[in-house]
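S.K.: What follows is the file run24.tsv, containing TSV, C-alpha atoms and all ligand atoms:
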chain	number	residue	atom	x	y	z
A	1	MET	CA	0.00	0.00	0.00
A	2	SER	CA	1.32	3.48	-0.79
A	3	THR	CA	2.23	5.69	2.14
A	4	GLU	CA	-0.68	7.98	1.34
A	5	LEU	CA	-3.17	5.12	1.27
A	6	GLU	CA	-1.73	3.70	4.49
A	7	GLU	CA	-2.18	7.09	6.19
A	8	ILE	CA	-5.79	7.25	5.04
A	9	ALA	CA	-6.40	3.70	6.25
A	10	GLN	CA	-4.88	4.55	9.64
A	11	GLU	CA	-7.05	7.62	9.91
A	12	LEU	CA	-10.17	5.60	9.21
A	13	ARG	CA	-9.17	2.95	11.73
A	14	ARG	CA	-8.74	5.62	14.43
A	15	HIS	CA	-12.11	7.09	13.57
A	16	LEU	CA	-13.82	3.71	13.63
A	17	ALA	CA	-12.20	2.83	16.94
A	18	TRP	CA	-14.21	5.43	18.80
A	19	GLN	CA	-17.30	5.27	16.66
A	20	GLU	CA	-17.50	1.56	17.39
A	21	SER	CA	-16.42	1.73	20.99
A	22	ASP	CA	-19.98	1.13	22.17
A	23	GLY	CA	-20.78	-1.45	19.57
A	24	THR	CA	-22.01	1.26	17.21
A	25	ARG	CA	-21.17	0.14	13.73
A	26	VAL	CA	-20.34	2.83	11.23
A	27	ILE	CA	-20.47	2.22	7.52
A	28	LEU	CA	-17.98	4.34	5.69
A	29	LYS	CA	-19.14	4.92	2.14
A	30	ASN	CA	-16.48	7.23	0.81
A	31	PRO	CA	-13.03	6.55	2.07
A	32	ALA	CA	-11.10	9.73	2.70
A	33	PRO	CA	-9.89	11.30	-0.51
A	34	PRO	CA	-6.21	11.97	-0.73
A	35	ALA	CA	-5.31	15.17	1.09
A	36	PRO	CA	-5.27	18.04	-1.41
A	37	ALA	CA	-1.61	18.90	-1.53
A	38	ALA	CA	0.12	16.42	0.67
A	39	ALA	CA	-0.48	13.97	3.46
A	40	PRO	CA	-2.28	15.39	6.51
A	41	VAL	CA	0.05	17.69	8.39
A	42	ALA	CA	1.07	16.99	11.95
A	43	PRO	CA	-0.83	19.22	14.37
A	44	SER	CA	2.30	21.08	15.37
A	45	ALA	CA	3.34	21.73	11.76
A	46	PRO	CA	2.35	24.98	10.06
A	47	VAL	CA	-1.15	24.70	8.66
A	48	SER	CA	-1.99	24.92	4.98
A	49	ALA	CA	-3.16	28.07	3.25
A	50	GLN	CA	-6.82	27.03	3.50
A	51	ALA	CA	-6.59	26.39	7.20
A	52	PRO	CA	-7.92	29.30	9.23
A	53	VAL	CA	-5.65	28.59	12.20
A	54	ALA	CA	-2.62	30.64	11.30
A	55	ALA	CA	-0.59	30.98	14.45
A	56	GLN	CA	-0.55	30.32	18.15
A	57	ALA	CA	-3.26	32.49	19.59
A	58	PRO	CA	-1.53	35.80	20.35
A	59	ALA	CA	-1.16	36.81	23.96
A	60	ARG	CA	-3.67	39.45	24.88
A	61	ASP	CA	-2.10	42.76	25.77
A	62	ASP	CA	-4.93	44.02	27.92
A	63	GLY	CA	-3.65	42.85	31.26
A	64	PRO	CA	-0.65	41.62	33.21
A	65	PRO	CA	1.41	38.81	31.64
A	66	ALA	CA	-0.20	35.39	31.97
A	67	LYS	CA	0.99	33.14	34.76
A	68	THR	CA	2.44	29.76	33.90
A	69	LEU	CA	0.44	26.60	34.50
A	70	ASP	CA	2.69	25.80	37.45
A	71	GLN	CA	2.13	29.22	38.98
A	72	VAL	CA	-1.63	28.82	38.58
A	73	ARG	CA	-1.43	25.39	40.24
A	74	GLN	CA	0.53	26.88	43.14
A	75	GLU	CA	-2.03	29.62	43.54
A	76	LEU	CA	-4.80	27.02	43.64
A	77	GLY	CA	-2.94	25.38	46.52
A	78	ASP	CA	-4.92	23.07	48.76
A	79	CYS	CA	-8.07	24.82	47.63
A	80	LYS	CA	-10.96	25.24	50.04
A	81	ARG	CA	-12.75	27.94	48.11
A	82	CYS	CA	-15.92	25.89	47.70
A	83	LYS	CA	-17.70	22.96	49.32
A	84	LEU	CA	-16.37	20.42	46.81
A	85	CYS	CA	-13.16	20.30	48.86
A	86	ASN	CA	-15.03	18.35	51.53
A	87	GLY	CA	-15.63	15.26	49.43
A	88	ARG	CA	-12.61	15.15	47.18
A	89	THR	CA	-9.64	12.82	47.46
A	90	GLN	CA	-7.46	15.26	45.58
A	91	ILE	CA	-7.58	18.22	43.22
A	92	VAL	CA	-7.64	17.23	39.54
A	93	TYR	CA	-5.87	20.17	37.96
A	94	GLY	CA	-5.18	19.26	34.33
A	95	VAL	CA	-2.94	17.11	32.20
A	96	GLY	CA	-1.01	17.40	28.98
A	97	ASN	CA	1.23	19.66	27.03
A	98	PRO	CA	1.61	23.13	28.57
A	99	ARG	CA	2.18	24.44	25.03
A	100	ALA	CA	-0.76	22.55	23.52
A	101	GLU	CA	-2.39	23.95	20.41
A	102	LEU	CA	-5.60	22.16	21.30
A	103	VAL	CA	-7.26	22.15	24.72
A	104	PHE	CA	-10.27	20.07	25.80
A	105	VAL	CA	-12.34	21.35	28.70
A	106	GLY	CA	-14.69	18.95	30.47
A	107	GLU	CA	-17.06	19.29	33.38
A	108	GLY	CA	-15.47	17.90	36.52
A	109	PRO	CA	-13.67	14.83	37.84
A	110	GLY	CA	-15.50	11.58	38.40
A	111	ALA	CA	-14.51	8.76	40.74
A	112	ASP	CA	-11.56	7.52	38.65
A	113	GLU	CA	-10.20	11.01	38.16
A	114	ASP	CA	-10.61	11.79	41.86
A	115	ALA	CA	-8.68	8.63	42.72
A	116	GLN	CA	-5.88	9.19	40.19
A	117	GLY	CA	-5.67	12.99	40.17
A	118	VAL	CA	-5.82	13.04	36.37
A	119	PRO	CA	-8.74	14.25	34.25
A	120	PHE	CA	-10.58	11.93	31.87
A	121	VAL	CA	-9.10	8.57	32.84
A	122	GLY	CA	-12.38	6.66	33.37
A	123	LYS	CA	-14.76	5.32	30.71
A	124	ALA	CA	-15.57	8.78	29.34
A	125	GLY	CA	-11.85	9.51	29.36
A	126	GLN	CA	-11.12	6.42	27.33
A	127	LEU	CA	-13.64	7.58	24.76
A	128	LEU	CA	-12.11	11.06	24.78
A	129	THR	CA	-8.69	9.54	24.11
A	130	LYS	CA	-10.14	7.69	21.10
A	131	MET	CA	-11.74	10.89	19.87
A	132	ILE	CA	-8.41	12.73	20.19
A	133	GLU	CA	-6.60	9.99	18.31
A	134	ALA	CA	-9.30	9.89	15.62
A	135	MET	CA	-8.52	13.57	15.14
A	136	GLN	CA	-4.88	12.60	14.50
A	137	PHE	CA	-3.61	14.10	17.73
A	138	LYS	CA	-2.01	12.27	20.61
A	139	ARG	CA	-3.38	12.65	24.11
A	140	ASP	CA	0.05	13.85	25.28
A	141	ASP	CA	0.08	16.64	22.72
A	142	VAL	CA	-3.15	18.27	23.86
A	143	TYR	CA	-4.12	19.67	27.25
A	144	ILE	CA	-7.16	18.41	29.16
A	145	CYS	CA	-8.82	20.04	32.14
A	146	ASN	CA	-12.23	20.62	33.69
A	147	VAL	CA	-14.47	23.47	34.74
A	148	VAL	CA	-14.33	22.31	38.38
A	149	LYS	CA	-11.21	20.68	39.74
A	150	CYS	CA	-12.80	18.61	42.49
A	151	ARG	CA	-15.24	15.74	42.19
A	152	PRO	CA	-18.86	16.66	42.86
A	153	PRO	CA	-20.39	14.12	45.27
A	154	ASN	CA	-22.03	11.16	43.53
A	155	ASN	CA	-21.07	12.70	40.20
A	156	ARG	CA	-23.79	15.29	40.48
A	157	ASN	CA	-23.60	18.37	38.29
A	158	PRO	CA	-21.36	21.16	39.52
A	159	GLU	CA	-23.33	23.97	41.13
A	160	ALA	CA	-23.15	27.64	40.23
A	161	ASP	CA	-21.12	28.67	43.30
A	162	GLU	CA	-18.63	25.85	42.68
A	163	ILE	CA	-18.20	26.83	39.04
A	164	GLU	CA	-17.77	30.45	40.05
A	165	ALA	CA	-15.10	29.58	42.62
A	166	CYS	CA	-13.13	27.49	40.12
A	167	GLU	CA	-13.58	29.62	37.02
A	168	PRO	CA	-10.62	31.97	37.64
A	169	PHE	CA	-8.32	28.94	37.62
A	170	LEU	CA	-9.76	27.58	34.38
A	171	LYS	CA	-9.34	31.01	32.82
A	172	ALA	CA	-5.79	31.24	34.09
A	173	GLN	CA	-4.98	27.78	32.68
A	174	LEU	CA	-6.26	28.83	29.27
A	175	ALA	CA	-4.39	32.13	29.49
A	176	ALA	CA	-1.19	30.25	30.31
A	177	ILE	CA	-1.55	27.91	27.35
A	178	ARG	CA	-3.16	30.23	24.75
A	179	PRO	CA	-4.09	27.25	22.53
A	180	LYS	CA	-5.09	27.69	18.91
A	181	VAL	CA	-8.40	25.96	19.52
A	182	ILE	CA	-10.50	25.01	22.54
A	183	VAL	CA	-13.02	22.16	22.47
A	184	ALA	CA	-15.70	22.57	25.13
A	185	LEU	CA	-17.03	19.16	26.11
A	186	GLY	CA	-20.64	19.39	27.14
A	187	LYS	CA	-22.97	21.94	28.58
A	188	PHE	CA	-20.96	23.07	31.60
A	189	ALA	CA	-17.74	23.75	29.71
A	190	ALA	CA	-19.49	25.47	26.80
A	191	GLN	CA	-21.86	27.53	28.90
A	192	THR	CA	-19.19	28.57	31.40
A	193	LEU	CA	-16.60	29.62	28.84
A	194	LEU	CA	-19.10	31.31	26.55
A	195	ARG	CA	-21.27	32.78	29.30
A	196	ASP	CA	-24.19	31.57	27.25
A	197	ALA	CA	-27.04	29.49	28.65
A	198	THR	CA	-28.08	28.10	25.27
A	199	PRO	CA	-28.49	24.31	25.45
A	200	ILE	CA	-25.52	22.27	24.24
A	201	THR	CA	-27.73	20.73	21.56
A	202	ARG	CA	-27.86	24.19	19.96
A	203	LEU	CA	-24.36	25.38	20.85
A	204	ARG	CA	-22.57	22.34	19.46
A	205	GLY	CA	-21.07	22.40	16.02
A	206	GLN	CA	-20.92	26.21	15.82
A	207	TRP	CA	-17.60	28.02	16.04
A	208	ARG	CA	-17.49	30.54	18.86
A	209	GLU	CA	-14.69	32.51	20.47
A	210	TYR	CA	-13.28	32.53	23.96
A	211	GLN	CA	-10.91	35.45	24.59
A	212	GLY	CA	-10.06	35.54	20.89
A	213	ILE	CA	-9.49	31.78	20.72
A	214	PRO	CA	-11.75	29.72	18.41
A	215	LEU	CA	-13.92	27.45	20.53
A	216	MET	CA	-15.94	24.47	19.33
A	217	PRO	CA	-18.67	23.23	21.67
A	218	THR	CA	-19.54	19.56	21.34
A	219	PHE	CA	-21.15	16.77	23.30
A	220	HIS	CA	-19.47	15.42	26.43
A	221	PRO	CA	-18.00	11.91	26.00
A	222	ALA	CA	-20.06	10.67	28.97
A	223	TYR	CA	-23.19	11.73	27.11
A	224	LEU	CA	-21.92	9.94	24.00
A	225	LEU	CA	-21.50	6.76	26.04
A	226	ARG	CA	-25.15	7.03	27.05
A	227	SER	CA	-26.32	8.13	23.59
A	228	PRO	CA	-23.98	6.54	21.06
A	229	GLU	CA	-26.33	7.52	18.24
A	230	GLU	CA	-25.10	11.11	18.78
A	231	LYS	CA	-21.48	10.25	18.07
A	232	GLY	CA	-21.86	11.22	14.43
A	233	LYS	CA	-22.69	14.80	15.43
A	234	ALA	CA	-19.72	14.97	17.76
A	235	TRP	CA	-17.48	13.58	15.06
A	236	SER	CA	-18.65	16.22	12.63
A	237	ASP	CA	-17.83	18.90	15.28
A	238	LEU	CA	-14.38	17.42	15.72
A	239	GLN	CA	-13.87	17.35	11.98
A	240	GLU	CA	-14.43	21.12	11.98
A	241	VAL	CA	-11.60	21.36	14.46
A	242	MET	CA	-9.41	19.16	12.29
A	243	LYS	CA	-10.10	21.42	9.33
A	244	ARG	CA	-8.89	24.39	11.40
A	245	PHE	CA	-5.60	22.56	11.75
A	246	GLY	CA	-5.46	21.75	8.05
A	247	LEU	CA	-5.99	18.05	8.73
A	248	ALA	CA	-7.75	15.86	6.18
A	249	THR	CA	-11.11	14.54	7.37
A	250	PRO	CA	-12.56	11.19	6.39
A	251	LYS	CA	-16.07	11.32	4.98
A	252	LYS	CA	-18.64	8.93	6.42
A	253	ALA	CA	-22.04	7.71	5.41
J	301	LIG	N1	-15.94	13.89	33.02
J	301	LIG	C1	-15.42	15.13	33.02
J	301	LIG	O1	-16.08	16.09	32.67
J	301	LIG	N2	-14.16	15.27	33.38
J	301	LIG	C2	-13.39	14.27	33.76
J	301	LIG	O2	-12.23	14.50	34.08
J	301	LIG	C3	-13.96	12.99	33.76
J	301	LIG	C4	-15.23	12.81	33.39
In structure tokens, write the structure found in this file.

M.R.:
Amino acid sequence: MSTELEEIAQELRRHLAWQESDGTRVILKNPAPPAPAAAPVAPSAPVSAQAPVAAQAPARDDGPPAKTLDQVRQELGDCKRCKLCNGRTQIVYGVGNPRAELVFVGEGPGADEDAQGVPFVGKAGQLLTKMIEAMQFKRDDVYICNVVKCRPPNNRNPEADEIEACEPFLKAQLAAIRPKVIVALGKFAAQTLLRDATPITRLRGQWREYQGIPLMPTFHPAYLLRSPEEKGKAWSDLQEVMKRFGLATPKKA
């Protein structure tokens, strides 16, 4: 098989891996056409002329210089700013590349994350990893964090006061990284970052901006585990993100 065909086949396999991860079978009618000029570019490589993502998001010059991720973590300390501190095992700050071009923001840690101190390591996390790989990124290349850094009891939704207490730290993380693109996973991430109470079913799939950074809202992986028939919509949202990076996107039925 030619290198180009092998790359396309690999891309389809990655895509199928997460589409089928709940037994959902996807029929691919049109295999990905060859990338227009060359093979898909690596995420860190400069993007093609058609790709709207041109450069690392510029630092904003309307405030003091951004803190580093480590400084933000130090400032968070042994946080007791909200009641979630009472039930947590540990703070789940964030994981990944501090210079990531792509950041995923979820809702809050679950039991596995609370136990390990790392976001998205449970079942939803495994699906997120497949989604990232289907997008031709590696989990280590991106950065992953949550709106709230401590596990809500019994995995309940985070409450307004908890989100408010944690939001400065999420903002500071994003200011430290200045990614090219943010993917907001689910209602809490999208609504918090966009300050928009529109339901995720309407927010998803539409490019928005957070502090000058393109932001794509999509469904949360935990929701996709419960509603695998919605994976196609999430995949189409993620393909929009891939296009921003100049990455070739496989077509599906
Ligand atoms: N769900 C989230 O929103 N975040 C995690 O870290 C795990 C599950």

S.K.: What lies within 10 Å of Asn86 (chain A) using only C-alpha atoms, ignoring chain neighbours under 5 positions off, as an MDAnalysis selection string?

M.R.: chainID A and resid 80 150:153

S.K.: Using only C-alpha atoms, please write the residues we just selected to a file, as a short mmCIF file (atom, residue, chain, number, x, y, z; two decimals), keeping the file's coordinate frame.

M.R.:
data_model
loop_
_atom_site.label_atom_id
_atom_site.label_comp_id
_atom_site.auth_asym_id
_atom_site.auth_seq_id
_atom_site.Cartn_x
_atom_site.Cartn_y
_atom_site.Cartn_z
CA LYS A 80 -10.96 25.24 50.04
CA CYS A 150 -12.80 18.61 42.49
CA ARG A 151 -15.24 15.74 42.19
CA PRO A 152 -18.86 16.66 42.86
CA PRO A 153 -20.39 14.12 45.27
#

S.K.: Tell me which of A:Arg208, A:Arg195, A:Lys67, A:Lys149 sits closest to Val181 (chain A), counting all atoms listed in the file.

M.R.: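 Using all atoms listed in the file, the shortest distance to Val181 (chain A) belongs to A:Arg208.
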
S.K.: Neighbours of ligand LIG 301 (chain J) at 10 Å or closer, counting only C-alpha atoms and all ligand atoms: which residues, as a ChimeraX atom specification?

M.R.: /A:92-95,104-114,117-126,128,144-151,155,157,184-189,220-223

S.K.: What gap, in Å, lies between CA of Pro179 (chain A) and CA of Arg73 (chain A)?

M.R.: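 A separation of 18.0 Å between them.
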
S.K.: If I put a ball of radius 10 Å at (-11.4, 28.5, 39.7) in the file's coordinates, which residues poke into it when counting all atoms listed in the file, written as an NGL selection string?

M.R.: :A and (72 or 76 or 79 or 81-82 or 146-149 or 162-173)

S.K.: Based on the selection just made, write C-alpha atoms of those residues as a JSON list (two decimals), in the coordinates of the input.

M.R.:
[["chain", "number", "residue", "atom", "x", "y", "z"],
["A", 72, "VAL", "CA", -1.63, 28.82, 38.58],
["A", 76, "LEU", "CA", -4.80, 27.02, 43.64],
["A", 79, "CYS", "CA", -8.07, 24.82, 47.63],
["A", 81, "ARG", "CA", -12.75, 27.94, 48.11],
["A", 82, "CYS", "CA", -15.92, 25.89, 47.70],
["A", 146, "ASN", "CA", -12.23, 20.62, 33.69],
["A", 147, "VAL", "CA", -14.47, 23.47, 34.74],
["A", 148, "VAL", "CA", -14.33, 22.31, 38.38],
["A", 149, "LYS", "CA", -11.21, 20.68, 39.74],
["A", 162, "GLU", "CA", -18.63, 25.85, 42.68],
["A", 163, "ILE", "CA", -18.20, 26.83, 39.04],
["A", 164, "GLU", "CA", -17.77, 30.45, 40.05],
["A", 165, "ALA", "CA", -15.10, 29.58, 42.62],
["A", 166, "CYS", "CA", -13.13, 27.49, 40.12],
["A", 167, "GLU", "CA", -13.58, 29.62, 37.02],
["A", 168, "PRO", "CA", -10.62, 31.97, 37.64],
["A", 169, "PHE", "CA", -8.32, 28.94, 37.62],
["A", 170, "LEU", "CA", -9.76, 27.58, 34.38],
["A", 171, "LYS", "CA", -9.34, 31.01, 32.82],
["A", 172, "ALA", "CA", -5.79, 31.24, 34.09],
["A", 173, "GLN", "CA", -4.98, 27.78, 32.68]]

S.K.: Quick check, in Å to one decimal: how far apart do CA of Arg204 (chain A) and CA of Asp141 (chain A) lie?

M.R.: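 That distance, rounded to one decimal, is 23.6 Å.
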
S.K.: Residues proximal to (-20.9, 16.8, 16.7) were defined as those with any atom within 7 Å of that point in the file's coordinates, counting all atoms listed in the file. Which are they, as a PDB file with C-alpha atoms, in the frame of the given file?

M.R.:
ATOM      1  CA  ARG A 204     -22.570  22.340  19.460  1.00  0.00           C
ATOM      2  CA  GLY A 205     -21.070  22.400  16.020  1.00  0.00           C
ATOM      3  CA  THR A 218     -19.540  19.560  21.340  1.00  0.00           C
ATOM      4  CA  PHE A 219     -21.150  16.770  23.300  1.00  0.00           C
ATOM      5  CA  LYS A 231     -21.480  10.250  18.070  1.00  0.00           C
ATOM      6  CA  GLY A 232     -21.860  11.220  14.430  1.00  0.00           C
ATOM      7  CA  LYS A 233     -22.690  14.800  15.430  1.00  0.00           C
ATOM      8  CA  ALA A 234     -19.720  14.970  17.760  1.00  0.00           C
ATOM      9  CA  TRP A 235     -17.480  13.580  15.060  1.00  0.00           C
ATOM     10  CA  SER A 236     -18.650  16.220  12.630  1.00  0.00           C
ATOM     11  CA  ASP A 237     -17.830  18.900  15.280  1.00  0.00           C
ATOM     12  CA  LEU A 238     -14.380  17.420  15.720  1.00  0.00           C
TER      13      LEU A 238
END

S.K.: Please measure the separation of CA of Glu101 (chain A) and CA of Val142 (chain A), giving the value in Å to one decimal.

M.R.: 6.7 Å

S.K.: Using only C-alpha atoms, find the one residue out of A:Ala134, A:Ala66, A:Met216, A:Asn97 that sits nearest to Val183 (chain A).

M.R.: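 Checking each candidate against Val183 (chain A), we get A:Met216 as the closest.
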
S.K.: When you count only C-alpha atoms, which of these residues is closest to Gln206 (chain A): A:Ala175, A:Ala115, A:Met131, A:Val241?

M.R.: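 Looking at the shortest contact to Gln206 (chain A), the residue is A:Val241.
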
S.K.: Restricting the calculation to all atoms listed in the file, which member of A:Arg178, A:Arg88, A:Lys243, A:Arg226 is positioned closest to Asn154 (chain A)?

M.R.: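 Closest residue, counting all atoms listed in the file: A:Arg88.
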
S.K.: Residues near Ile177 (chain A), anyone? I mean within 7 Å using only C-alpha atoms, not counting same-chain ones fewer than 6 positions away, as JSON, numbers by chain.

M.R.: {"A": [98, 99, 100]}

S.K.: Using the selection just defined, write its residues with C-alpha atoms as an mmCIF file, keeping the file's coordinate frame.

M.R.:
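result_6.cif was written with the following content:
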data_model
loop_
_atom_site.group_PDB
_atom_site.id
_atom_site.type_symbol
_atom_site.label_atom_id
_atom_site.label_comp_id
_atom_site.auth_asym_id
_atom_site.auth_seq_id
_atom_site.Cartn_x
_atom_site.Cartn_y
_atom_site.Cartn_z
ATOM 1 C CA PRO A 98 1.610 23.130 28.570
ATOM 2 C CA ARG A 99 2.180 24.440 25.030
ATOM 3 C CA ALA A 100 -0.760 22.550 23.520
#

S.K.: For a quick check of understanding, using all atoms listed in the file, which of A:Gln211, A:Leu102, A:Gly77, A:Ser227 has the smallest distance to Gln90 (chain A)?

M.R.: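 So, comparing all the options, the nearest one is A:Gly77.
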
S.K.: Which is closest to Thr89 (chain A) among A:Leu247, A:Leu203, A:Gln116, A:Pro65, if we use all atoms listed in the file?

M.R.: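 Closest to Thr89 (chain A), using all atoms listed in the file: A:Gln116.
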
S.K.: Quick one: axis-aligned box around all listed atoms of region 229-248 of chain A, 8 Å on every side, centre and edge lengths in Å to one decimal, written as lines of an AutoDock Vina configuration file.

M.R.:
center_x = -15.9
center_y = 16.0
center_z = 12.5
size_x = 36.9
size_y = 32.9
size_z = 28.6

S.K.: Since fewer atoms than expected are present, regenerate N, CA, C and O atoms for region 219-238 of chain A and write them as a compact mmCIF listing (two decimals), keeping the file's coordinate frame.

M.R.:
# COMPACT_ATOMS: atom_id res chain seq x y z
N PHE A 219 -20.60 17.60 22.24
CA PHE A 219 -21.15 16.77 23.30
C PHE A 219 -20.05 16.23 24.22
O PHE A 219 -18.92 15.97 23.77
N HIS A 220 -20.40 16.02 25.47
CA HIS A 220 -19.47 15.42 26.43
C HIS A 220 -19.35 13.92 26.14
O HIS A 220 -20.36 13.28 25.84
N PRO A 221 -18.14 13.35 26.26
CA PRO A 221 -18.00 11.91 26.00
C PRO A 221 -18.91 11.04 26.88
O PRO A 221 -19.36 9.98 26.43
N ALA A 222 -19.17 11.48 28.12
CA ALA A 222 -20.06 10.67 28.97
C ALA A 222 -21.47 10.61 28.37
O ALA A 222 -22.14 9.58 28.43
N TYR A 223 -21.89 11.71 27.79
CA TYR A 223 -23.19 11.73 27.11
C TYR A 223 -23.15 10.80 25.88
O TYR A 223 -24.11 10.06 25.61
N LEU A 224 -22.03 10.81 25.19
CA LEU A 224 -21.92 9.94 24.00
C LEU A 224 -21.94 8.47 24.39
O LEU A 224 -22.42 7.64 23.62
N LEU A 225 -21.43 8.16 25.58
CA LEU A 225 -21.50 6.76 26.04
C LEU A 225 -22.96 6.37 26.30
O LEU A 225 -23.35 5.23 26.05
N ARG A 226 -23.73 7.33 26.79
CA ARG A 226 -25.15 7.03 27.05
C ARG A 226 -25.99 7.10 25.77
O ARG A 226 -27.01 6.44 25.65
N SER A 227 -25.55 7.91 24.83
CA SER A 227 -26.32 8.13 23.59
C SER A 227 -25.41 7.96 22.38
O SER A 227 -25.08 8.94 21.70
N PRO A 228 -24.97 6.74 22.13
CA PRO A 228 -23.98 6.54 21.06
C PRO A 228 -24.48 6.98 19.69
O PRO A 228 -23.68 7.28 18.81
N GLU A 229 -25.80 7.08 19.54
CA GLU A 229 -26.33 7.52 18.24
C GLU A 229 -25.97 8.99 17.95
O GLU A 229 -26.11 9.46 16.83
N GLU A 230 -25.48 9.71 18.97
CA GLU A 230 -25.10 11.11 18.78
C GLU A 230 -23.61 11.26 18.40
O GLU A 230 -23.14 12.38 18.19
N LYS A 231 -22.91 10.15 18.34
CA LYS A 231 -21.48 10.25 18.07
C LYS A 231 -21.19 10.88 16.71
O LYS A 231 -20.18 11.57 16.55
N GLY A 232 -22.07 10.65 15.77
CA GLY A 232 -21.86 11.22 14.43
C GLY A 232 -21.82 12.74 14.48
O GLY A 232 -21.00 13.37 13.79
N LYS A 233 -22.68 13.34 15.32
CA LYS A 233 -22.69 14.80 15.43
C LYS A 233 -21.38 15.28 16.07
O LYS A 233 -20.79 16.26 15.63
N ALA A 234 -20.97 14.58 17.11
CA ALA A 234 -19.72 14.97 17.76
C ALA A 234 -18.55 14.84 16.78
O ALA A 234 -17.66 15.69 16.73
N TRP A 235 -18.57 13.78 16.01
CA TRP A 235 -17.48 13.58 15.06
C TRP A 235 -17.47 14.71 14.03
O TRP A 235 -16.42 15.20 13.64
N SER A 236 -18.64 15.13 13.61
CA SER A 236 -18.65 16.22 12.63
C SER A 236 -18.13 17.51 13.28
O SER A 236 -17.43 18.30 12.64
N ASP A 237 -18.40 17.73 14.58
CA ASP A 237 -17.83 18.90 15.28
C ASP A 237 -16.30 18.80 15.32
O ASP A 237 -15.59 19.79 15.09
N LEU A 238 -15.83 17.60 15.62
CA LEU A 238 -14.38 17.42 15.72
C LEU A 238 -13.71 17.55 14.36
O LEU A 238 -12.56 18.00 14.25
